[in-house]
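S.K.: To start, I am sharing the structure in question, which I have written as structure tokens.
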Amino acid sequence: MNYPADLKYAGTDEWVRVEGDRATLGVSDFAQDQLSDLVFFEATVRVGERVAAGEQVATLESVKAAADVNSPVSGEILEINQPLAARPELVNTDPYGSGWMVKLKLTDKSELAALMDNTAYQRNTEARGGR
Amino acid sequence: MLEPLIYELSTPGRPGHRFPDPDVPLADLPEGMIRQDLMLPELSELEVVRHFVRLSQLNHAIDTGFYPLGSCSMKYNPKVNEDAARLPGFAHSHPLQDPSTQQGSLAVMYSLQDWLKEVGGFAGISLQPAAGAHGELSGILMIRAYHRDRGQPQRNKILVPDSAHGTNPATTTMSGLRVVELPSDARGNVDLEALRAECDETLAGLMLTNPNTLGLFEERVQEVVRLVHDNGGLVYGDGANMNALLGVVRPGDLGFDVLHFNLHKTFSTPHGGGGPGAGPVGVRDLLVDYLPGPVAAELEPESEALPPLYGLVMPTKSIGRVKAFHGHFGMHVRAYAFIRSHGKPGMRAIAEHAVLNANYLLAGLRQSYRVPFDRRCMHEFVAEGRFEGVPEIHALDVSKRLMDYGFHPPTNYFPLIVREALMIEPTETESKPTLDAFIEAMKAIAEEAHSEPELLKGAPHGTPFGRLDEVQAAKQLVLCCRPAELERAAL
Amino acid sequence: MSYIPHTEAERRQMLAAVGVESMDELFADVPASVRFPDLDLPKPASELEIMEELQLLSEANLNTRQAACFLGAGAYNHYIPSVVDHILRRNEFYTAYTPYQPEISQGTLQAIFEYQSLMCFLTGMEVSNASHYDGATALAEAAILALNVHQGKRDKLVLSPAIHPQYREVVRTYLQGQSLEIVGDESLGSRPEEYLDERTSLVAVQYPDFFGNLHDYGSLVVAAHAVGALVCVVANPIALGLLQPPSEFGADVVVGDGQPLGIPLSFGGPTIGFFTTREQFVRKMAGRLVGETVDSRGQRGYVLTLTPREQHIRRGRATSNICTNQGLMALAVTAYLSAVGKHGLRQVAELCYHKAHYAAERIAAVEGYGLWNRGPFFHEFVIRCPIPPAELNQHLLDHDILGGYDLGPEYPELKGHMLLAVTELNHKEDIDDLADALREAAHA
């Protein structure tokens with residue numbers, strides 16, 4: 001299981017990559033492994049929409065599970081990873097790269113403090129049966 | 001082995017079923033409203049028969065082999081019940097006929113209501129709901145209506161144990177109420193402390209499956225019920241597991257306020273490849289007026305001179321109809337015949353033998369499979385389909401391998417609180433030799449898991465079809481015959 | 001009679017293997033105060049006795065094989081080719097359960113896939129689910145789909161008054177927990193167009209409508225789509241053998257009861273609710289779905305698909321609490337449509353149409369009666385009666401005729417009117433007898 005050190009993680013298995021006041025969001029290696037083969041991705045927000053921390057931004061489905069992807073930070077949606085709709089398996093093969101989901105403009109950077117770093121997140125997933 | 005689709009068997013111009021010629025003068029057809037094409041197949045009757053008989057042979061069914069699918073009570077479906085439901089007086093009667101021409105059907109419904117009341121310990125029954133989930137929806141809507149009627153609309157919280165069926169939370173959401181999940185304790189019971197913490201002025205009710213989905217009787221069920229009642233809530237019983245309780249204990253006597261029966265589980269009506277079921281609801285006196293309707297009633301009681309006159313009435317504060325007409329009447333006839341054949345002593349015998357069979361299997365399998373909550377089970381139990389030292393083997397692999405031994409697998413991956421769950425329910429209609437053969441097969445598979453794991457991973461081997469690619473099905477959705485391909489095939 | 005196979009010797013061996021002395025011991029967890037109640041149930045009966053008893057009860061009913069049936073209103077007396085029930089009685093179909101294990105359930109799965117295909121072609125829509133409980137619950141599910149499509153942001157539902165009254169009741173029952181306005185059916189004169197606005201999630205109409213009338217809903221669909229609302233059409237499947245499918249005038253969802261397609265009346269159930277829609281709504285649609293795929297050996301096969309929408313995975317977030325479809329009834333529909341085929345369905349529909357028009361003409365010519373329908377109708381129509389329909393029906397019963405549905409109780413505007421249905425099972429002589437009996441009743 002891979003947990004890059006340059007990311008922040010939420011207890012609900014989303015990761016955030018921060019560059020200035022912008023953030024990219026996806027789900028972790030652990031999450032994609034738990035969900036197994038993904039067959040569906042749909043963004044539930046539009047570009048320009050504002051979301052508060054904890055609000056849903058996308059839906060994921062595998063053959064045996066469904067998951068809501070929630071943004072752990074507040075902000076304005078700048079971009080949605082359109083190719084994912086046709087190729088949801090990118091979340092399985094490259095969760096931290098081409099499997100990203102949305103980019104947003106942060107409105108409250110202090111929220112980042114509540115997120116975990118990679119070692120804390122790894123401990124968190126191990127407690128839930130991760131490897 | 002592959003049977004073509006009905007459309008692929010079609011030949012343009014092939015004569016099919018013939019109806020009589022019109023015996024009345026022809027009327028003008030409405031202009032501009034007639035359809036130009038109708039893509040239905042054209043086959044001879046023999047082609048139709050062979051197609052469906054061949055398809056049927058691709059199924060495992062109760063009548064072809066043991067079907068220990070947990071939580072589904074796959075018991076024998078008596079043949080006389082099928083004949084009874086097809087009697088012309090039942091099969092060919094219209095639901096809106098005058099009640100005076102329907103006294104036989106109404107008497108069947110009335111008696112069935114009476115017997116279900118007696119078996120469940122309830123004051124009223126509605127036969128309207130079409131399935132278990134439909135009965136659940138009726139029950140939760142009744143609980144909601146009850147609180148609102150008493151001026152307590154803030155009671156909008158339904159507690160659901162984490163071992164519950166997925167229908168329980170889904171029903172709650174559908175009814176416009178809020179779900180709060182309760183954890184199970186180490187013995188598989190509802191965690192009383194967690195329950196106590198949720199008992200407040202927003203409590204509408206608790207949904208409880210008893211025996212629960214681990215096949216265990218709630219050891220403190222009366223305390224659980226009392227706690228909910230003392231805090232103004234009502235208790236909903238999921239009757240999926242009534243097969244363990246017939247003649248043993250009545251949910252109404254345990255304090256359940258409302259419960260749905262599954263006629264297709266407990267009372268032997270056929271599962272039909274996934275429906276039609278029937279999910280009557282029973283209630284204690286405080287909910288009788290809220291039942292979905294109409295229900296069968298005695299309009300004029302029996303007198304010395306006359307038999308009773310039955311009719312259909314709508315309860316005074318009814319949540320309304322949950323379907324058109326009066327429920328799955330065809331299933332009511334079958335359940336009537338089943339209860340009639342067992343009678344009073346037979347009810348208890350059903351539960352006793354269902355529980356005996358389950359405990360016998362548990363005793364036979366305990367050495368080969370881990371049983372997470374190992375105490376006396378009721379009519380079913382949950383084992384784990386995983387083995388020390390062979391992490392690649394999952395419950396699903398055990399299931400698929402069982403097919404090679406001629407058995408239908410147990411329920412997989414449910415309840416969610418058990419890892420690699422295999423939920424096994426034999427029912428009372430299976431004999432000892434069948435159970436022994438199943439135990440032997442399960443033991444052999446447990447050994448194979450260690451000695452030849454690839455045998456399990458690649459299973460099933462002896463069935464007409466190998467494992468199907470569910471990922472492809474979900475990614476490249478093909479949900480009906482594609483007209484373009486059919487046209488190409490026709491050329 | 002009992003279906004429990006155990007011998008006394010086996011019972012003893014099994015109790016010993018479990019480690020208990022008696023059956024009673026198995027139930028030690030059940031509170032003693034309420035254990036083993038003394039049930040007031042009849043004595044067990046033999047198969048012979050049960051069949052005699054049920055035979056007698058069934059004969060206390062008047063059935064549509066004994067009387068000429070002109071009653072419809074949502075349940076129709078049609079001929080069922082023998083082959084249909086022979087297929088339903090295949091043990092491998094009716095004693096199987098939901099096809100959770102596709103390797104040993106291809107019979108059920110392929111039959112459902114064929115059912116979905118047949119329903120798509122019949123309604124003209126792109127996708128069909130594996131079915132709902134009945135037509136009324138399918139309509140309720142269409143309303144829920146529309147709410148979900150609009151993500152709960154639209155809180156109004158428009159129902160035509162010419163939808164089956166019980167269907168409208170079921171929609172209200174299902175949705176009583178949602179804060180929602182259900183309008184449009186306050187009086188017979190209401191027109192759905194008048195209620196459309198930006199809050200409307202769905203408009204529902206019936207085709208042919210409850211009174212048998214045929215409408216082209218094209219302009220209603222345009223108006224509904226203009227405000228972003230979906231349109232659901234409740235259709236009679238036999239009528240679709242003759243008439244343009246609702247897809248032609250732009251319906252978004254087409255539902256209905258499949259009972260006319262090979263399912264006996266059976267006092268109203270079980271029947272089947274069909275549900276078809278556009279591909280874009282497939283993930284918002286409730287109910288089971290079967291999809292095509294391949295197996296590990298490269299063979300084409302079928303599986304339940306898009307299951308994450310369902311209750312057993314989504315639990316509290318599921319689209320619906322539905323577990324099963326009406327499996328065996330879907331098989332009946334599939335077998336019926338396969339047996340009658342393209343020409344047979346058209347033939348049945350035309351027989352219904354012609355006989356209904358003959359009947360309407362005959363009855364309208366009887367003094368005191370009149371045809372209420374103004375435009376085209378299919379196989380049901382409304383007649384004005386000179387005496388209350390309830391009385392009329394009693395009189396008809398004396399002639400072994402099951403008369404029509406009394407419209408007064410549900411539609412005060414139609415007091416003294418009766419809805420009659422005519423199918424291929426009504427012979428010309430039955431219709432002539434009906435007209436004669438109506439004449440006699442009016443002058444009695």
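Residues in the structure tokens are named by chain (A, B, ... in the order shown) and by number from 1 within that chain; ligands are numbered from 1 in the order shown.
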Please report as CSV every residue of chain B lying within 8 Å of chain A, along with the nearest atom pair and their distance in Å (one decimal), using only C-alpha atoms.

M.R.:
residue,atom,partner,partner_atom,distance
B:Glu470,CA,A:Val63,CA,6.5
B:Val471,CA,A:Val63,CA,6.1
B:Ala474,CA,A:Val39,CA,6.1
B:Lys475,CA,A:Val39,CA,5.2

S.K.: Using N, CA, C and O atoms, can you write the selected residues to a file as a CSV table (one decimal), in the first residue's frame?

M.R.:
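The result, stored in out-v6.csv:
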chain,number,residue,atom,x,y,z
B,470,GLU,N,-18.2,-9.7,-13.8
B,470,GLU,CA,-19.2,-8.7,-13.3
B,470,GLU,C,-18.7,-7.3,-13.6
B,470,GLU,O,-19.4,-6.3,-13.8
B,471,VAL,N,-17.3,-7.2,-13.7
B,471,VAL,CA,-16.8,-5.8,-14.0
B,471,VAL,C,-17.2,-5.4,-15.4
B,471,VAL,O,-17.6,-4.3,-15.7
B,474,ALA,N,-20.8,-4.3,-15.7
B,474,ALA,CA,-21.1,-3.0,-15.1
B,474,ALA,C,-20.5,-1.9,-15.9
B,474,ALA,O,-21.0,-0.8,-16.0
B,475,LYS,N,-19.3,-2.2,-16.6
B,475,LYS,CA,-18.7,-1.1,-17.3
B,475,LYS,C,-19.2,-0.9,-18.7
B,475,LYS,O,-19.4,0.2,-19.2

S.K.: Contacts of Thr123 (chain C) at 10 Å or less, counting only C-alpha atoms, minus same-chain residues fewer than 3 places along, as a list of chain:residue names?

M.R.: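 Those residues are B:Leu38, C:Leu118, C:Met119, C:Cys120, C:Glu126, C:Val127, C:Ser128, C:Val233, C:Ala235, C:Asn236, C:Pro237, C:Leu240, C:Gly241, C:Gln244, C:Pro245, C:Pro246, C:Ser247, C:Glu248, C:Ala251, C:Val253, C:Val254, C:Val255, C:Phe274, C:Phe275, C:Thr276, C:Thr277.
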
S.K.: If you count only C-alpha atoms, which residues fall within 12 Å of Glu14 (chain A), apart from same-chain ones fewer than 3 positions away, as a PyMOL selection string?

M.R.: chain A and resi 3+7-11+17+24-32+53-54+56-58+67-73+91+95-96+99-102+115-118+121

S.K.: Write out as number ranges by chain each polymer residue whose atoms come within 10 Å of Val355 (chain B), counting only C-alpha atoms; drop sequence neighbours fewer than 5 positions from it.

M.R.: B: 215, 243-245, 349-350, 360-361, 376-381, 425-428; C: 23, 26-27

S.K.: With C-alpha atoms retained, write the just-selected residues as a compact mmCIF listing (two decimals), in the first residue's frame.

M.R.:
# COMPACT_ATOMS: atom_id res chain seq x y z
CA GLY B 215 -28.86 -16.82 13.54
CA ASN B 243 -38.96 -20.04 10.69
CA ALA B 244 -37.11 -20.35 13.98
CA LEU B 245 -40.02 -19.08 16.06
CA ALA B 349 -42.37 -28.99 14.55
CA ILE B 350 -41.23 -26.69 11.71
CA TYR B 360 -26.50 -30.33 13.34
CA LEU B 361 -24.71 -28.62 10.45
CA ARG B 376 -26.43 -22.34 20.15
CA CYS B 377 -27.82 -21.12 16.86
CA MET B 378 -31.42 -20.95 15.80
CA HIS B 379 -32.46 -21.86 12.23
CA GLU B 380 -29.20 -20.65 10.64
CA PHE B 381 -25.63 -19.71 11.50
CA GLU B 425 -29.75 -22.12 6.57
CA PRO B 426 -30.86 -25.71 5.93
CA THR B 427 -34.65 -25.44 6.74
CA GLU B 428 -36.78 -28.21 8.23
CA MET C 23 -35.74 -30.43 21.19
CA LEU C 26 -32.51 -25.95 21.65
CA PHE C 27 -34.68 -23.02 22.69

S.K.: When you look at His6 (chain C) with a cut-off of 12 Å (counting only C-alpha atoms), what residues show up, excluding the ones that are within fewer than 2 positions of it in the same chain? I need them as a PyMOL selection string.

M.R.: (chain B and resi 349-350+352-354+356-357+428-435) or (chain C and resi 2-4+8-15)

S.K.: I need the residues in chain A that are strand (DSSP E or B) according to DSSP; give them as JSON, numbers by chain.

M.R.: {"A": [8, 9, 14, 15, 16, 17, 18, 19, 22, 23, 24, 25, 26, 27, 38, 39, 40, 41, 42, 43, 50, 51, 56, 57, 58, 59, 60, 61, 62, 66, 67, 68, 69, 70, 75, 76, 77, 78, 79, 80, 102, 103, 104, 105, 106, 116]}

S.K.: One decimal, Å: what's the distance from CA of Leu104 (chain A) over to CA of Asp33 (chain A), could you say?

M.R.: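 Result for CA of Leu104 (chain A) versus CA of Asp33 (chain A): 25.1 Å, one decimal.
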
S.K.: Looking only at alpha helix (DSSP H) from DSSP on the backbone, list the matching residues of region 14-54 of chain C as a PDB file with all heavy atoms, in the first residue's frame.

M.R.:
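Output saved as result.pdb:
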ATOM      1  N   MET C  14     -29.239 -36.923  15.701  1.00  0.00           N
ATOM      2  CA  MET C  14     -28.903 -35.515  15.478  1.00  0.00           C
ATOM      3  C   MET C  14     -28.846 -34.749  16.792  1.00  0.00           C
ATOM      4  O   MET C  14     -27.950 -33.920  16.991  1.00  0.00           O
ATOM      5  CB  MET C  14     -29.905 -34.887  14.508  1.00  0.00           C
ATOM      6  CG  MET C  14     -29.781 -35.468  13.095  1.00  0.00           C
ATOM      7  SD  MET C  14     -31.099 -34.957  11.973  1.00  0.00           S
ATOM      8  CE  MET C  14     -30.581 -33.294  11.590  1.00  0.00           C
ATOM      9  N   LEU C  15     -29.793 -35.004  17.674  1.00  0.00           N
ATOM     10  CA  LEU C  15     -29.768 -34.334  18.985  1.00  0.00           C
ATOM     11  C   LEU C  15     -28.472 -34.681  19.714  1.00  0.00           C
ATOM     12  O   LEU C  15     -27.847 -33.806  20.320  1.00  0.00           O
ATOM     13  CB  LEU C  15     -30.987 -34.750  19.825  1.00  0.00           C
ATOM     14  CG  LEU C  15     -32.336 -34.165  19.384  1.00  0.00           C
ATOM     15  CD1 LEU C  15     -33.491 -34.853  20.114  1.00  0.00           C
ATOM     16  CD2 LEU C  15     -32.394 -32.652  19.623  1.00  0.00           C
ATOM     17  N   ALA C  16     -28.075 -35.940  19.596  1.00  0.00           N
ATOM     18  CA  ALA C  16     -26.832 -36.367  20.255  1.00  0.00           C
ATOM     19  C   ALA C  16     -25.632 -35.639  19.651  1.00  0.00           C
ATOM     20  O   ALA C  16     -24.736 -35.190  20.371  1.00  0.00           O
ATOM     21  CB  ALA C  16     -26.670 -37.882  20.127  1.00  0.00           C
ATOM     22  N   ALA C  17     -25.615 -35.508  18.338  1.00  0.00           N
ATOM     23  CA  ALA C  17     -24.494 -34.827  17.673  1.00  0.00           C
ATOM     24  C   ALA C  17     -24.418 -33.370  18.115  1.00  0.00           C
ATOM     25  O   ALA C  17     -23.340 -32.806  18.248  1.00  0.00           O
ATOM     26  CB  ALA C  17     -24.660 -34.918  16.161  1.00  0.00           C
ATOM     27  N   VAL C  18     -25.579 -32.770  18.338  1.00  0.00           N
ATOM     28  CA  VAL C  18     -25.622 -31.367  18.768  1.00  0.00           C
ATOM     29  C   VAL C  18     -25.254 -31.259  20.245  1.00  0.00           C
ATOM     30  O   VAL C  18     -24.770 -30.226  20.702  1.00  0.00           O
ATOM     31  CB  VAL C  18     -27.034 -30.782  18.488  1.00  0.00           C
ATOM     32  CG1 VAL C  18     -27.200 -29.406  19.111  1.00  0.00           C
ATOM     33  CG2 VAL C  18     -27.300 -30.728  16.982  1.00  0.00           C
ATOM     34  N   GLU C  47     -53.485 -33.840   2.527  1.00  0.00           N
ATOM     35  CA  GLU C  47     -53.560 -33.152   1.235  1.00  0.00           C
ATOM     36  C   GLU C  47     -54.963 -33.265   0.647  1.00  0.00           C
ATOM     37  O   GLU C  47     -55.515 -32.293   0.118  1.00  0.00           O
ATOM     38  CB  GLU C  47     -52.526 -33.759   0.282  1.00  0.00           C
ATOM     39  CG  GLU C  47     -52.535 -33.104  -1.073  1.00  0.00           C
ATOM     40  CD  GLU C  47     -51.411 -33.591  -1.986  1.00  0.00           C
ATOM     41  OE1 GLU C  47     -50.254 -33.672  -1.534  1.00  0.00           O
ATOM     42  OE2 GLU C  47     -51.696 -33.880  -3.163  1.00  0.00           O
ATOM     43  N   LEU C  48     -55.528 -34.455   0.763  1.00  0.00           N
ATOM     44  CA  LEU C  48     -56.874 -34.692   0.243  1.00  0.00           C
ATOM     45  C   LEU C  48     -57.887 -33.729   0.881  1.00  0.00           C
ATOM     46  O   LEU C  48     -58.698 -33.097   0.193  1.00  0.00           O
ATOM     47  CB  LEU C  48     -57.229 -36.150   0.529  1.00  0.00           C
ATOM     48  CG  LEU C  48     -58.534 -36.753   0.034  1.00  0.00           C
ATOM     49  CD1 LEU C  48     -58.353 -38.255  -0.097  1.00  0.00           C
ATOM     50  CD2 LEU C  48     -59.706 -36.441   0.928  1.00  0.00           C
ATOM     51  N   GLU C  49     -57.793 -33.587   2.205  1.00  0.00           N
ATOM     52  CA  GLU C  49     -58.735 -32.709   2.903  1.00  0.00           C
ATOM     53  C   GLU C  49     -58.526 -31.240   2.534  1.00  0.00           C
ATOM     54  O   GLU C  49     -59.482 -30.482   2.362  1.00  0.00           O
ATOM     55  CB  GLU C  49     -58.578 -32.874   4.416  1.00  0.00           C
ATOM     56  CG  GLU C  49     -59.021 -34.220   4.936  1.00  0.00           C
ATOM     57  CD  GLU C  49     -58.518 -34.501   6.352  1.00  0.00           C
ATOM     58  OE1 GLU C  49     -57.286 -34.414   6.587  1.00  0.00           O
ATOM     59  OE2 GLU C  49     -59.351 -34.787   7.221  1.00  0.00           O
ATOM     60  N   ILE C  50     -57.256 -30.863   2.404  1.00  0.00           N
ATOM     61  CA  ILE C  50     -56.953 -29.461   2.070  1.00  0.00           C
ATOM     62  C   ILE C  50     -57.506 -29.130   0.698  1.00  0.00           C
ATOM     63  O   ILE C  50     -58.129 -28.083   0.482  1.00  0.00           O
ATOM     64  CB  ILE C  50     -55.428 -29.225   2.082  1.00  0.00           C
ATOM     65  CG1 ILE C  50     -54.895 -29.360   3.498  1.00  0.00           C
ATOM     66  CG2 ILE C  50     -55.081 -27.860   1.522  1.00  0.00           C
ATOM     67  CD1 ILE C  50     -53.380 -29.445   3.560  1.00  0.00           C
ATOM     68  N   MET C  51     -57.292 -30.034  -0.240  1.00  0.00           N
ATOM     69  CA  MET C  51     -57.741 -29.770  -1.599  1.00  0.00           C
ATOM     70  C   MET C  51     -59.269 -29.719  -1.652  1.00  0.00           C
ATOM     71  O   MET C  51     -59.830 -28.878  -2.349  1.00  0.00           O
ATOM     72  CB  MET C  51     -57.172 -30.849  -2.538  1.00  0.00           C
ATOM     73  CG  MET C  51     -56.966 -30.395  -3.941  1.00  0.00           C
ATOM     74  SD  MET C  51     -56.060 -28.837  -4.097  1.00  0.00           S
ATOM     75  CE  MET C  51     -56.345 -28.502  -5.816  1.00  0.00           C
ATOM     76  N   GLU C  52     -59.925 -30.585  -0.898  1.00  0.00           N
ATOM     77  CA  GLU C  52     -61.404 -30.544  -0.873  1.00  0.00           C
ATOM     78  C   GLU C  52     -61.893 -29.219  -0.300  1.00  0.00           C
ATOM     79  O   GLU C  52     -62.813 -28.594  -0.825  1.00  0.00           O
ATOM     80  CB  GLU C  52     -61.948 -31.709  -0.028  1.00  0.00           C
ATOM     81  CG  GLU C  52     -61.984 -33.009  -0.803  1.00  0.00           C
ATOM     82  CD  GLU C  52     -62.473 -34.196   0.042  1.00  0.00           C
ATOM     83  OE1 GLU C  52     -62.667 -34.033   1.280  1.00  0.00           O
ATOM     84  OE2 GLU C  52     -62.649 -35.262  -0.527  1.00  0.00           O
ATOM     85  N   GLU C  53     -61.224 -28.804   0.769  1.00  0.00           N
ATOM     86  CA  GLU C  53     -61.625 -27.562   1.434  1.00  0.00           C
ATOM     87  C   GLU C  53     -61.428 -26.360   0.493  1.00  0.00           C
ATOM     88  O   GLU C  53     -62.324 -25.518   0.350  1.00  0.00           O
ATOM     89  CB  GLU C  53     -60.757 -27.397   2.683  1.00  0.00           C
ATOM     90  CG  GLU C  53     -61.040 -26.177   3.516  1.00  0.00           C
ATOM     91  CD  GLU C  53     -60.197 -26.212   4.806  1.00  0.00           C
ATOM     92  OE1 GLU C  53     -60.178 -27.260   5.480  1.00  0.00           O
ATOM     93  OE2 GLU C  53     -59.563 -25.185   5.110  1.00  0.00           O
ATOM     94  N   LEU C  54     -60.282 -26.316  -0.166  1.00  0.00           N
ATOM     95  CA  LEU C  54     -60.007 -25.168  -1.041  1.00  0.00           C
ATOM     96  C   LEU C  54     -60.855 -25.218  -2.314  1.00  0.00           C
ATOM     97  O   LEU C  54     -61.253 -24.188  -2.847  1.00  0.00           O
ATOM     98  CB  LEU C  54     -58.518 -25.086  -1.357  1.00  0.00           C
ATOM     99  CG  LEU C  54     -57.707 -24.532  -0.178  1.00  0.00           C
ATOM    100  CD1 LEU C  54     -56.218 -24.773  -0.361  1.00  0.00           C
ATOM    101  CD2 LEU C  54     -57.984 -23.038   0.018  1.00  0.00           C
TER     102      LEU C  54
END

S.K.: Hey, what's within 7 Å of Pro264 (chain C) if we count only C-alpha atoms and toss same-chain stuff fewer than 2 positions away? As a list in words, please?

M.R.: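 My list of contacting residues is Ala91 and His92 of chain B; Gly262 and Ser266 of chain C.
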
S.K.: May I ask which of the residues C:Arg283, C:His215, C:His395, C:Lys156 is the closest one to chain A, counting only C-alpha atoms?

M.R.: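 Of C:Arg283, C:His215, C:His395, C:Lys156, the one nearest chain A, counting only C-alpha atoms, is C:Arg283.
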
S.K.: Find the residues near region 387-391 of chain C: any atom within 6 Å, counting only C-alpha atoms, skip ones fewer than 2 places away on the same chain, and give them as an NGL selection string.

M.R.: :C and (385 or 393-394 or 406 or 416)

S.K.: Per residue of region 252-347 of chain C within 12 Å of region 97-118 of chain B, note the shortest atom pair and the distance in Å to one decimal, counting only C-alpha atoms, and order the rows by chain and increasing residue number, as a tab-separated table.

M.R.:
residue	atom	partner	partner_atom	distance
C:Leu265	CA	B:Gln97	CA	11.2
C:Ser266	CA	B:Ser105	CA	9.5
C:Phe267	CA	B:Ser105	CA	7.7
C:Gly268	CA	B:Gln97	CA	10.4

S.K.: Would you write out those residues with N, CA, C and O atoms, as a PDB file, in the first residue's frame?

M.R.:
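Written output follows (again_36.pdb):
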ATOM      1  N   LEU C 265     -55.930 -13.345 -13.517  1.00  0.00           N
ATOM      2  CA  LEU C 265     -56.456 -12.269 -12.672  1.00  0.00           C
ATOM      3  C   LEU C 265     -56.146 -12.514 -11.198  1.00  0.00           C
ATOM      4  O   LEU C 265     -55.748 -11.609 -10.476  1.00  0.00           O
ATOM      5  N   SER C 266     -56.374 -13.753 -10.759  1.00  0.00           N
ATOM      6  CA  SER C 266     -56.010 -14.180  -9.412  1.00  0.00           C
ATOM      7  C   SER C 266     -56.393 -13.169  -8.329  1.00  0.00           C
ATOM      8  O   SER C 266     -55.591 -12.860  -7.450  1.00  0.00           O
ATOM      9  N   PHE C 267     -57.623 -12.652  -8.423  1.00  0.00           N
ATOM     10  CA  PHE C 267     -58.150 -11.706  -7.429  1.00  0.00           C
ATOM     11  C   PHE C 267     -57.219 -10.498  -7.250  1.00  0.00           C
ATOM     12  O   PHE C 267     -57.170  -9.882  -6.197  1.00  0.00           O
ATOM     13  N   GLY C 268     -56.436 -10.206  -8.280  1.00  0.00           N
ATOM     14  CA  GLY C 268     -55.630  -8.978  -8.261  1.00  0.00           C
ATOM     15  C   GLY C 268     -54.144  -9.157  -8.007  1.00  0.00           C
ATOM     16  O   GLY C 268     -53.381  -8.190  -8.047  1.00  0.00           O
TER      17      GLY C 268
END

S.K.: For a quick check of understanding, using only C-alpha atoms, which of C:Ala332, C:Leu306, C:Ala360, C:Ala365 has the smallest distance to chain A?

M.R.: C:Leu306

S.K.: Considering only C-alpha atoms, state which residue in the set C:Val303, C:Ile363, C:Ala204, C:Ala441 is at the smallest distance from chain B.

M.R.: C:Val303

S.K.: Determine the nearest neighbour of Asp85 (chain C) from the options C:Pro412, C:Leu407, C:Met329, C:Arg168, counting only C-alpha atoms.

M.R.: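 Answer, going by the shortest atom-to-atom distance: C:Met329.
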